[in-house]
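J.: My structure file my_file-v1.cif, mmCIF, C-alpha atoms, is below:
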```
data_input
loop_
_atom_site.group_PDB
_atom_site.id
_atom_site.type_symbol
_atom_site.label_atom_id
_atom_site.label_comp_id
_atom_site.auth_asym_id
_atom_site.auth_seq_id
_atom_site.Cartn_x
_atom_site.Cartn_y
_atom_site.Cartn_z
ATOM 1 C CA MET A 1 0.000 0.000 0.000
ATOM 2 C CA PRO A 2 2.634 2.656 0.902
ATOM 3 C CA TYR A 3 4.569 1.766 -2.256
ATOM 4 C CA ILE A 4 1.529 2.447 -4.459
ATOM 5 C CA ILE A 5 0.806 5.803 -2.802
ATOM 6 C CA SER A 6 4.438 6.881 -2.974
ATOM 7 C CA GLY A 7 4.610 5.869 -6.648
ATOM 8 C CA LEU A 8 1.546 7.929 -7.536
ATOM 9 C CA VAL A 9 2.915 10.926 -5.626
ATOM 10 C CA PHE A 10 6.238 10.594 -7.437
ATOM 11 C CA ILE A 11 4.526 10.531 -10.853
ATOM 12 C CA PHE A 12 2.428 13.576 -9.954
ATOM 13 C CA ILE A 13 5.464 15.565 -8.758
ATOM 14 C CA SER A 14 7.413 14.553 -11.870
ATOM 15 C CA ILE A 15 4.680 15.881 -14.129
ATOM 16 C CA LEU A 16 4.547 19.155 -12.218
ATOM 17 C CA SER A 17 8.308 19.575 -12.501
ATOM 18 C CA ILE A 18 8.254 19.491 -16.321
ATOM 19 C CA PRO A 19 8.723 23.029 -17.703
ATOM 20 C CA SER A 20 5.488 24.644 -18.822
ATOM 21 C CA THR A 21 7.163 25.933 -21.998
ATOM 22 C CA TRP A 22 7.584 22.348 -23.141
ATOM 23 C CA PHE A 23 3.853 21.771 -22.787
ATOM 24 C CA GLU A 24 3.009 25.004 -24.562
ATOM 25 C CA SER A 25 5.243 24.226 -27.532
ATOM 26 C CA ASN A 26 3.756 20.767 -27.900
ATOM 27 C CA VAL A 27 0.218 22.081 -27.625
ATOM 28 C CA VAL A 28 0.910 24.651 -30.352
ATOM 29 C CA ARG A 29 2.374 21.942 -32.547
ATOM 30 C CA LYS A 30 -0.644 19.713 -31.947
ATOM 31 C CA ARG A 31 -3.073 22.537 -32.784
ATOM 32 C CA LEU A 32 -1.247 23.299 -36.016
ATOM 33 C CA MET A 33 -1.309 19.629 -37.026
ATOM 34 C CA ASN A 34 -5.000 19.136 -36.284
ATOM 35 C CA THR A 35 -6.047 22.668 -37.319
ATOM 36 C CA PRO A 36 -9.186 22.765 -35.186
ATOM 37 C CA LYS A 37 -11.633 25.504 -36.069
ATOM 38 C CA ASP A 38 -13.589 25.665 -32.867
ATOM 39 C CA PHE A 39 -11.002 25.895 -30.088
ATOM 40 C CA ASN A 40 -11.741 29.519 -29.186
ATOM 41 C CA MET A 41 -15.443 29.787 -28.535
ATOM 42 C CA LYS A 42 -17.940 31.928 -26.735
ATOM 43 C CA GLY A 43 -19.375 30.944 -23.433
ATOM 44 C CA LYS A 44 -17.727 29.319 -20.451
ATOM 45 C CA LEU A 45 -17.911 25.662 -19.545
ATOM 46 C CA SER A 46 -16.376 24.159 -16.428
ATOM 47 C CA ILE A 47 -14.952 21.311 -18.494
ATOM 48 C CA ARG A 48 -12.769 23.780 -20.378
ATOM 49 C CA ARG A 49 -10.724 24.322 -17.259
ATOM 50 C CA LEU A 50 -9.573 20.730 -17.569
ATOM 51 C CA THR A 51 -9.121 20.767 -21.353
ATOM 52 C CA PRO A 52 -5.578 22.246 -21.401
ATOM 53 C CA LEU A 53 -4.445 19.722 -18.787
ATOM 54 C CA VAL A 54 -5.887 16.775 -20.725
ATOM 55 C CA ILE A 55 -4.398 18.004 -24.004
ATOM 56 C CA ASN A 56 -1.017 18.417 -22.293
ATOM 57 C CA MET A 57 -1.189 14.907 -20.896
ATOM 58 C CA MET A 58 -2.123 13.493 -24.304
ATOM 59 C CA THR A 59 0.805 15.343 -25.842
ATOM 60 C CA LEU A 60 3.128 14.073 -23.105
ATOM 61 C CA LEU A 61 1.989 10.485 -23.685
ATOM 62 C CA ASN A 62 2.130 10.989 -27.488
ATOM 63 C CA ILE A 63 -1.573 10.176 -27.908
ATOM 64 C CA ASN A 64 -2.719 11.640 -31.209
ATOM 65 C CA ILE A 65 -6.258 11.964 -32.515
ATOM 66 C CA SER A 66 -6.462 11.112 -36.200
ATOM 67 C CA VAL A 67 -7.666 13.714 -38.647
ATOM 68 C CA GLU A 68 -10.624 11.516 -39.634
ATOM 69 C CA LYS A 69 -11.765 11.115 -36.027
ATOM 70 C CA HIS A 70 -11.258 14.834 -35.369
ATOM 71 C CA GLU A 71 -13.418 15.707 -38.370
ATOM 72 C CA ARG A 72 -16.060 13.158 -37.386
ATOM 73 C CA ILE A 73 -16.373 14.585 -33.880
ATOM 74 C CA GLU A 74 -16.450 18.107 -35.300
ATOM 75 C CA THR A 75 -19.232 17.132 -37.710
ATOM 76 C CA ASN A 76 -21.270 15.471 -34.967
ATOM 77 C CA LEU A 77 -20.917 18.518 -32.734
ATOM 78 C CA GLN A 78 -22.119 20.654 -35.613
ATOM 79 C CA LEU A 79 -25.078 18.364 -36.294
ATOM 80 C CA GLY A 80 -25.948 18.381 -32.601
ATOM 81 C CA GLY A 81 -26.006 22.173 -32.440
ATOM 82 C CA GLN A 82 -22.965 22.270 -30.144
ATOM 83 C CA GLU A 83 -20.780 24.271 -32.512
ATOM 84 C CA GLY A 84 -19.696 27.368 -30.607
ATOM 85 C CA LYS A 85 -20.564 25.695 -27.293
ATOM 86 C CA LEU A 86 -18.291 22.673 -27.171
ATOM 87 C CA SER A 87 -15.035 22.141 -29.033
ATOM 88 C CA VAL A 88 -13.540 18.865 -30.188
ATOM 89 C CA GLU A 89 -10.920 19.163 -27.446
ATOM 90 C CA ASP A 90 -13.643 19.723 -24.834
ATOM 91 C CA PHE A 91 -15.504 16.633 -26.001
ATOM 92 C CA ILE A 92 -12.323 14.542 -25.848
ATOM 93 C CA THR A 93 -11.719 15.920 -22.354
ATOM 94 C CA VAL A 94 -15.170 14.783 -21.232
ATOM 95 C CA LYS A 95 -14.493 11.262 -22.503
ATOM 96 C CA ALA A 96 -11.033 11.216 -20.922
ATOM 97 C CA VAL A 97 -12.296 12.425 -17.547
ATOM 98 C CA LEU A 98 -15.238 10.012 -17.445
ATOM 99 C CA GLY A 99 -13.380 7.074 -18.978
ATOM 100 C CA LEU A 100 -9.919 7.393 -17.374
ATOM 101 C CA VAL A 101 -9.546 9.997 -14.623
ATOM 102 C CA LEU A 102 -12.704 9.115 -12.702
ATOM 103 C CA PRO A 103 -12.064 5.326 -12.773
ATOM 104 C CA LEU A 104 -8.459 5.885 -11.639
ATOM 105 C CA TYR A 105 -9.684 8.080 -8.796
ATOM 106 C CA LEU A 106 -12.222 5.446 -7.732
ATOM 107 C CA LEU A 107 -9.578 2.742 -7.996
ATOM 108 C CA PHE A 108 -7.248 4.797 -5.830
ATOM 109 C CA LEU A 109 -9.992 5.217 -3.236
ATOM 110 C CA GLY A 110 -10.661 1.497 -3.272
ATOM 111 C CA VAL A 111 -6.981 0.648 -2.772
ATOM 112 C CA VAL A 112 -6.551 3.188 0.020
ATOM 113 C CA SER A 113 -9.759 2.325 1.859
ATOM 114 C CA GLY A 114 -9.539 -1.413 1.210
ATOM 115 C CA LYS A 115 -13.180 -1.540 0.109
ATOM 116 C CA SER A 116 -14.393 -3.322 -3.013
ATOM 117 C CA LEU A 117 -17.246 -0.946 -3.906
ATOM 118 C CA PRO A 118 -15.029 1.854 -5.366
ATOM 119 C CA ILE A 119 -13.086 -0.747 -7.365
ATOM 120 C CA PHE A 120 -16.338 -2.192 -8.711
ATOM 121 C CA LEU A 121 -17.556 1.312 -9.633
ATOM 122 C CA ALA A 122 -14.226 2.016 -11.351
ATOM 123 C CA ILE A 123 -14.615 -1.077 -13.538
ATOM 124 C CA ILE A 124 -18.156 -0.045 -14.508
ATOM 125 C CA THR A 125 -17.202 3.587 -15.118
ATOM 126 C CA ILE A 126 -14.533 2.821 -17.736
ATOM 127 C CA PRO A 127 -16.887 1.650 -20.557
ATOM 128 C CA MET A 128 -19.646 4.024 -19.486
ATOM 129 C CA GLY A 129 -17.293 7.009 -19.557
ATOM 130 C CA PHE A 130 -16.398 6.437 -23.195
ATOM 131 C CA PHE A 131 -19.929 5.409 -24.202
ATOM 132 C CA LEU A 132 -22.156 8.019 -22.551
ATOM 133 C CA PRO A 133 -20.739 11.173 -24.245
ATOM 134 C CA ASP A 134 -21.322 9.626 -27.677
ATOM 135 C CA GLN A 135 -24.875 8.688 -26.742
ATOM 136 C CA TRP A 136 -25.496 12.169 -25.357
ATOM 137 C CA LEU A 137 -24.277 13.726 -28.608
ATOM 138 C CA LYS A 138 -26.374 11.298 -30.662
ATOM 139 C CA ALA A 139 -29.463 12.285 -28.659
ATOM 140 C CA LYS A 140 -28.652 15.957 -29.301
ATOM 141 C CA ILE A 141 -28.404 15.274 -33.048
ATOM 142 C CA ASP A 142 -31.722 13.421 -33.149
ATOM 143 C CA ARG A 143 -33.462 16.131 -31.119
ATOM 144 C CA ARG A 144 -32.097 18.889 -33.351
ATOM 145 C CA LYS A 145 -33.155 17.105 -36.537
ATOM 146 C CA ALA A 146 -36.651 16.562 -35.139
ATOM 147 C CA GLN A 147 -36.898 20.247 -34.212
ATOM 148 C CA ILE A 148 -35.819 21.321 -37.706
ATOM 149 C CA LYS A 149 -38.467 19.066 -39.223
ATOM 150 C CA ARG A 150 -41.149 20.636 -37.022
ATOM 151 C CA GLU A 151 -40.077 24.183 -37.886
ATOM 152 C CA LEU A 152 -39.728 23.675 -41.646
ATOM 153 C CA PRO A 153 -43.432 24.023 -42.685
ATOM 154 C CA TYR A 154 -43.837 27.315 -40.802
ATOM 155 C CA VAL A 155 -40.616 28.721 -42.233
ATOM 156 C CA LEU A 156 -41.498 27.740 -45.800
ATOM 157 C CA ASN A 157 -44.934 29.353 -45.543
ATOM 158 C CA SER A 158 -43.397 32.506 -44.075
ATOM 159 C CA ILE A 159 -40.814 32.749 -46.870
ATOM 160 C CA ALA A 160 -43.555 32.214 -49.448
ATOM 161 C CA VAL A 161 -45.616 35.033 -47.931
ATOM 162 C CA MET A 162 -42.605 37.356 -47.992
ATOM 163 C CA SER A 163 -41.925 36.417 -51.617
ATOM 164 C CA GLU A 164 -45.530 37.159 -52.525
ATOM 165 C CA ALA A 165 -45.102 40.572 -50.884
ATOM 166 C CA GLY A 166 -42.404 41.388 -53.409
ATOM 167 C CA LEU A 167 -39.173 40.455 -51.611
ATOM 168 C CA ASN A 168 -36.450 38.471 -53.315
ATOM 169 C CA LEU A 169 -35.291 35.125 -51.932
ATOM 170 C CA MET A 170 -32.422 36.273 -49.674
ATOM 171 C CA PRO A 171 -34.247 39.308 -48.224
ATOM 172 C CA ALA A 172 -37.245 37.065 -47.541
ATOM 173 C CA ILE A 173 -35.045 34.493 -45.788
ATOM 174 C CA GLN A 174 -33.374 37.242 -43.772
ATOM 175 C CA GLU A 175 -36.720 38.698 -42.711
ATOM 176 C CA VAL A 176 -38.108 35.322 -41.637
ATOM 177 C CA SER A 177 -34.961 34.200 -39.802
ATOM 178 C CA SER A 178 -34.765 37.465 -37.847
ATOM 179 C CA LYS A 179 -38.280 36.988 -36.417
ATOM 180 C CA GLU A 180 -37.581 33.779 -34.499
ATOM 181 C CA GLU A 181 -34.835 32.111 -32.488
ATOM 182 C CA SER A 182 -34.710 28.451 -33.447
ATOM 183 C CA GLU A 183 -32.402 25.900 -35.001
ATOM 184 C CA LEU A 184 -33.691 26.379 -38.528
ATOM 185 C CA SER A 185 -33.687 30.159 -38.195
ATOM 186 C CA SER A 186 -30.069 30.040 -37.054
ATOM 187 C CA GLU A 187 -29.140 28.013 -40.117
ATOM 188 C CA LEU A 188 -30.942 30.469 -42.393
ATOM 189 C CA LYS A 189 -29.096 33.344 -40.740
ATOM 190 C CA ARG A 190 -25.827 31.626 -41.565
ATOM 191 C CA VAL A 191 -26.949 31.307 -45.181
ATOM 192 C CA VAL A 192 -27.635 35.038 -45.324
ATOM 193 C CA GLN A 193 -24.261 35.769 -43.736
ATOM 194 C CA ASP A 194 -22.435 33.531 -46.212
ATOM 195 C CA VAL A 195 -24.151 35.239 -49.137
ATOM 196 C CA SER A 196 -23.382 38.683 -47.715
ATOM 197 C CA VAL A 197 -19.640 37.935 -47.710
ATOM 198 C CA GLY A 198 -19.658 36.961 -51.377
ATOM 199 C CA GLU A 199 -20.565 33.283 -51.445
ATOM 200 C CA SER A 200 -23.089 32.162 -54.051
ATOM 201 C CA GLN A 201 -26.634 31.429 -52.961
ATOM 202 C CA ILE A 202 -26.493 27.814 -54.153
ATOM 203 C CA LYS A 203 -23.223 27.128 -52.332
ATOM 204 C CA ALA A 204 -24.522 28.701 -49.121
ATOM 205 C CA LEU A 205 -27.688 26.598 -49.300
ATOM 206 C CA GLU A 206 -25.675 23.428 -49.952
ATOM 207 C CA ARG A 207 -23.556 24.115 -46.892
ATOM 208 C CA MET A 208 -26.746 24.491 -44.875
ATOM 209 C CA ALA A 209 -27.870 21.057 -46.101
ATOM 210 C CA GLU A 210 -24.564 19.588 -44.930
ATOM 211 C CA ARG A 211 -24.997 21.125 -41.488
ATOM 212 C CA CYS A 212 -28.584 19.895 -41.093
ATOM 213 C CA GLN A 213 -28.593 16.515 -42.893
ATOM 214 C CA VAL A 214 -32.396 16.354 -42.859
ATOM 215 C CA ASP A 215 -34.220 14.881 -45.855
ATOM 216 C CA GLU A 216 -36.905 17.565 -45.913
ATOM 217 C CA VAL A 217 -34.288 20.316 -45.836
ATOM 218 C CA ASN A 218 -32.361 18.593 -48.625
ATOM 219 C CA ARG A 219 -35.469 18.575 -50.823
ATOM 220 C CA PHE A 220 -36.148 22.219 -49.983
ATOM 221 C CA ILE A 221 -32.598 23.283 -50.878
ATOM 222 C CA SER A 222 -32.518 21.149 -54.022
ATOM 223 C CA ALA A 223 -35.730 22.734 -55.293
ATOM 224 C CA LEU A 224 -34.486 26.224 -54.446
ATOM 225 C CA SER A 225 -31.152 25.609 -56.181
ATOM 226 C CA GLN A 226 -32.875 24.431 -59.349
ATOM 227 C CA ASN A 227 -35.172 27.435 -59.261
ATOM 228 C CA ILE A 228 -32.247 29.833 -58.745
ATOM 229 C CA GLU A 229 -30.400 28.328 -61.707
ATOM 230 C CA ARG A 230 -33.456 28.909 -63.893
ATOM 231 C CA GLY A 231 -33.601 32.575 -62.897
ATOM 232 C CA ALA A 232 -35.595 32.519 -59.622
ATOM 233 C CA ALA A 233 -38.928 32.718 -61.410
ATOM 234 C CA GLY A 234 -41.949 31.151 -59.687
ATOM 235 C CA ILE A 235 -40.211 30.854 -56.344
ATOM 236 C CA THR A 236 -43.465 31.374 -54.445
ATOM 237 C CA ARG A 237 -45.160 28.407 -56.095
ATOM 238 C CA VAL A 238 -42.150 26.216 -55.348
ATOM 239 C CA LEU A 239 -42.174 27.265 -51.690
ATOM 240 C CA ARG A 240 -45.911 26.621 -51.406
ATOM 241 C CA ASN A 241 -45.503 23.121 -52.814
ATOM 242 C CA LEU A 242 -42.594 22.408 -50.489
ATOM 243 C CA ALA A 243 -44.566 23.675 -47.500
ATOM 244 C CA LYS A 244 -47.493 21.448 -48.438
ATOM 245 C CA GLU A 245 -45.206 18.425 -48.705
ATOM 246 C CA ALA A 246 -43.630 19.273 -45.358
ATOM 247 C CA TRP A 247 -47.053 19.518 -43.701
ATOM 248 C CA GLU A 248 -48.090 16.149 -45.141
ATOM 249 C CA GLU A 249 -44.845 14.601 -43.920
ATOM 250 C CA ARG A 250 -45.420 16.085 -40.496
ATOM 251 C CA LYS A 251 -48.942 14.633 -40.365
ATOM 252 C CA LYS A 252 -47.599 11.204 -41.264
ATOM 253 C CA ASN A 253 -44.964 11.457 -38.561
ATOM 254 C CA ALA A 254 -47.620 12.516 -36.034
ATOM 255 C CA GLN A 255 -49.789 9.522 -36.961
ATOM 256 C CA HIS A 256 -46.788 7.220 -36.683
ATOM 257 C CA LEU A 257 -45.874 8.618 -33.275
ATOM 258 C CA GLY A 258 -49.495 8.220 -32.170
ATOM 259 C CA GLU A 259 -49.442 4.546 -33.159
ATOM 260 C CA GLN A 260 -46.197 4.037 -31.303
ATOM 261 C CA ALA A 261 -47.602 5.776 -28.223
ATOM 262 C CA SER A 262 -50.654 3.496 -28.156
ATOM 263 C CA MET A 263 -48.423 0.428 -28.347
ATOM 264 C CA LYS A 264 -46.164 1.754 -25.604
ATOM 265 C CA LEU A 265 -49.151 2.451 -23.335
ATOM 266 C CA PHE A 266 -50.638 -1.015 -23.830
ATOM 267 C CA PHE A 267 -48.317 -2.904 -21.496
ATOM 268 C CA PRO A 268 -48.387 -0.330 -18.643
ATOM 269 C CA LEU A 269 -52.177 -0.331 -18.832
ATOM 270 C CA LEU A 270 -52.179 -4.127 -18.881
ATOM 271 C CA ILE A 271 -49.928 -4.287 -15.822
ATOM 272 C CA LEU A 272 -51.475 -1.452 -13.799
ATOM 273 C CA ALA A 273 -55.083 -1.068 -14.905
ATOM 274 C CA PHE A 274 -56.056 -4.699 -15.499
ATOM 275 C CA PRO A 275 -55.426 -5.908 -11.910
ATOM 276 C CA ALA A 276 -57.414 -2.971 -10.505
ATOM 277 C CA THR A 277 -60.259 -3.652 -12.926
ATOM 278 C CA ALA A 278 -60.201 -7.350 -12.135
ATOM 279 C CA ILE A 279 -60.345 -6.652 -8.396
ATOM 280 C CA PHE A 280 -63.187 -4.166 -8.901
ATOM 281 C CA ILE A 281 -65.219 -6.648 -10.956
ATOM 282 C CA LEU A 282 -64.350 -9.943 -9.272
ATOM 283 C CA GLY A 283 -64.072 -8.616 -5.710
ATOM 284 C CA PRO A 284 -67.827 -8.582 -4.920
ATOM 285 C CA ALA A 285 -68.259 -11.967 -6.577
ATOM 286 C CA ILE A 286 -65.465 -13.487 -4.506
ATOM 287 C CA LEU A 287 -66.905 -12.011 -1.306
ATOM 288 C CA SER A 288 -70.358 -13.404 -2.159
ATOM 289 C CA ILE A 289 -68.921 -16.866 -2.795
ATOM 290 C CA MET A 290 -66.986 -16.769 0.504
ATOM 291 C CA GLU A 291 -70.125 -15.726 2.420
ATOM 292 C CA PHE A 292 -72.099 -18.525 0.771
ATOM 293 C CA LEU A 293 -69.463 -21.148 1.633
ATOM 294 C CA LEU A 294 -69.157 -19.903 5.193
ATOM 295 C CA SER A 295 -72.947 -19.922 5.693
ATOM 296 C CA ASP A 296 -73.179 -23.522 4.432
ATOM 297 C CA SER A 297 -70.362 -24.648 6.715
ATOM 298 C CA PHE A 298 -72.207 -23.343 9.794
#
```
Spit out the file's structure as structure tokens when you get a sec.

T.:
Amino acid sequence: MPYIISGLVFIFISILSIPSTWFESNVVRKRLMNTPKDFNMKGKLSIRRLTPLVINMMTLLNINISVEKHERIETNLQLGGQEGKLSVEDFITVKAVLGLVLPLYLLFLGVVSGKSLPIFLAIITIPMGFFLPDQWLKAKIDRRKAQIKRELPYVLNSIAVMSEAGLNLMPAIQEVSSKEESELSSELKRVVQDVSVGESQIKALERMAERCQVDEVNRFISALSQNIERGAAGITRVLRNLAKEAWEERKKNAQHLGEQASMKLFFPLLILAFPATAIFILGPAILSIMEFLLSDSF
């Protein structure tokens, strides 16, 4: 026991004695190699206080994140609406803390205290620490896509009304996106910003499709791109048709969710309501039979 504690203390003191300039140079080199785009972001998260330490430790241990994995995490954060809130390095820090640091801390507590519960929790925490952040991000992506699908019919109708009032496509999109604060409105604002800095309308819309990855949005952008290439004539009719299709798709999804809800409620009702109903119906009959049997016995 004393040897383990002294070894851990020695490792900790050795890490602290390494010059900070060495860490800083390696971190700069790692940033230049990975070229992350979202390291400096607005907002403050408590996990970001641990991010430099985790990145330094990964650099010290020569643990490199591949470019493909870095891009995949960056794309998932973008799809989950976490761009500007959580960087790739922050997400890796969360996985490292939950999957490595916390289990090591629990293991240390178990060794020091001599109890098996912290060691058991450490074993369970290792796979959960690496698994839960990915599941959390996946849930964020699914929730964001569902929200965009719900907002799309309203936005399409609003853009069509603005187009009928005489506005062109981009001014109409700008007017609609400035009225609300939602996921789809934020994406439309980015389209307007991209166009304002000189990017073509079709390219800006295609980038929006990549950020959303929703089938209804892809159809909307494809129809708009074809209409823009033909000279942006009849844009109102196209938007009306797209809005109608989006409403029909939303009705189908609502019906499907209603069917799923009825199936999900069947078993709870069977378990909870059926015994109460059976007692309510059969209770008086059972009492009558017991009274009859008792009266015959006497």

J.: Enumerate, as a PyMOL selection string, the residues matched when the PyMOL selection byres ((chain A and resi 127-129) around 9) is run on the file above.

T.: chain A and resi 94-100+102-103+123-126+130-133

J.: Rounded to one decimal in Å, what is the spacing between CA of Asn253 (chain A) and CA of Glu216 (chain A)?

T.: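 Atom-to-atom, CA of Asn253 (chain A) and CA of Glu216 (chain A) are spaced 12.5 Å apart.
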
J.: Please compute the CA of Glu175 (chain A)-CA of Ala160 (chain A) distance, one decimal, in Å.

T.: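 These two atoms are separated by 11.6 Å.
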
J.: Using all atoms listed in the file, can you tell me which of A:Ser177, A:Ser185, A:Gln78, A:Ser163 comes closest to Thr236 (chain A)?

T.: A:Ser163

J.: Could you check which of A:Lys69, A:Lys203, A:Arg237, A:Lys115 is closest to Ile221 (chain A), using all atoms listed in the file?

T.: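 For Ile221 (chain A), the nearest of the given residues is A:Lys203.
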
J.: Let me make sure I understand: among A:Leu265, A:Ile235, A:Leu121, A:Leu109, which one has the smallest atom-to-atom distance to Glu164 (chain A) if we use only C-alpha atoms?

T.: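 Distance minimum relative to Glu164 (chain A) lands on A:Ile235.
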
J.: Using CA of Lys244 (chain A) and CA of Ile141 (chain A) as the two end points, give the distance in Å to one decimal.

T.: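 CA of Lys244 (chain A) sits 25.3 Å away from CA of Ile141 (chain A).
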
J.: Which residue gives the smallest distance to Ser186 (chain A) among A:Asp142, A:Glu83, A:Glu245, A:Thr93, with all atoms listed in the file counted?

T.: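 Closest to Ser186 (chain A) of all the choices is A:Glu83.
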
J.: Go through A:Phe292, A:Arg190, A:Gly198, A:Lys149 and flag the residue nearest Arg219 (chain A), using only C-alpha atoms for the distances.

T.: A:Lys149

J.: When you look at Thr51 (chain A) with a cut-off of 9 Å (counting only C-alpha atoms), what residues show up, excluding the ones that are within fewer than 5 positions of it in the same chain? I need them as a VMD selection string.

T.: chain A and resid 56 89 to 94

J.: Nearest to Asp134 (chain A) among A:Asn76, A:Gln82, A:Pro153, A:Leu169, with distances taken over all atoms listed in the file: which residue is it?

T.: A:Asn76

J.: Just say which residues the PyMOL selection byres ((chain A and resi 224-229) around 10) picks in this file, as a PyMOL selection string.

T.: chain A and resi 169+201-203+205-206+218-223+230-235+238-239+242
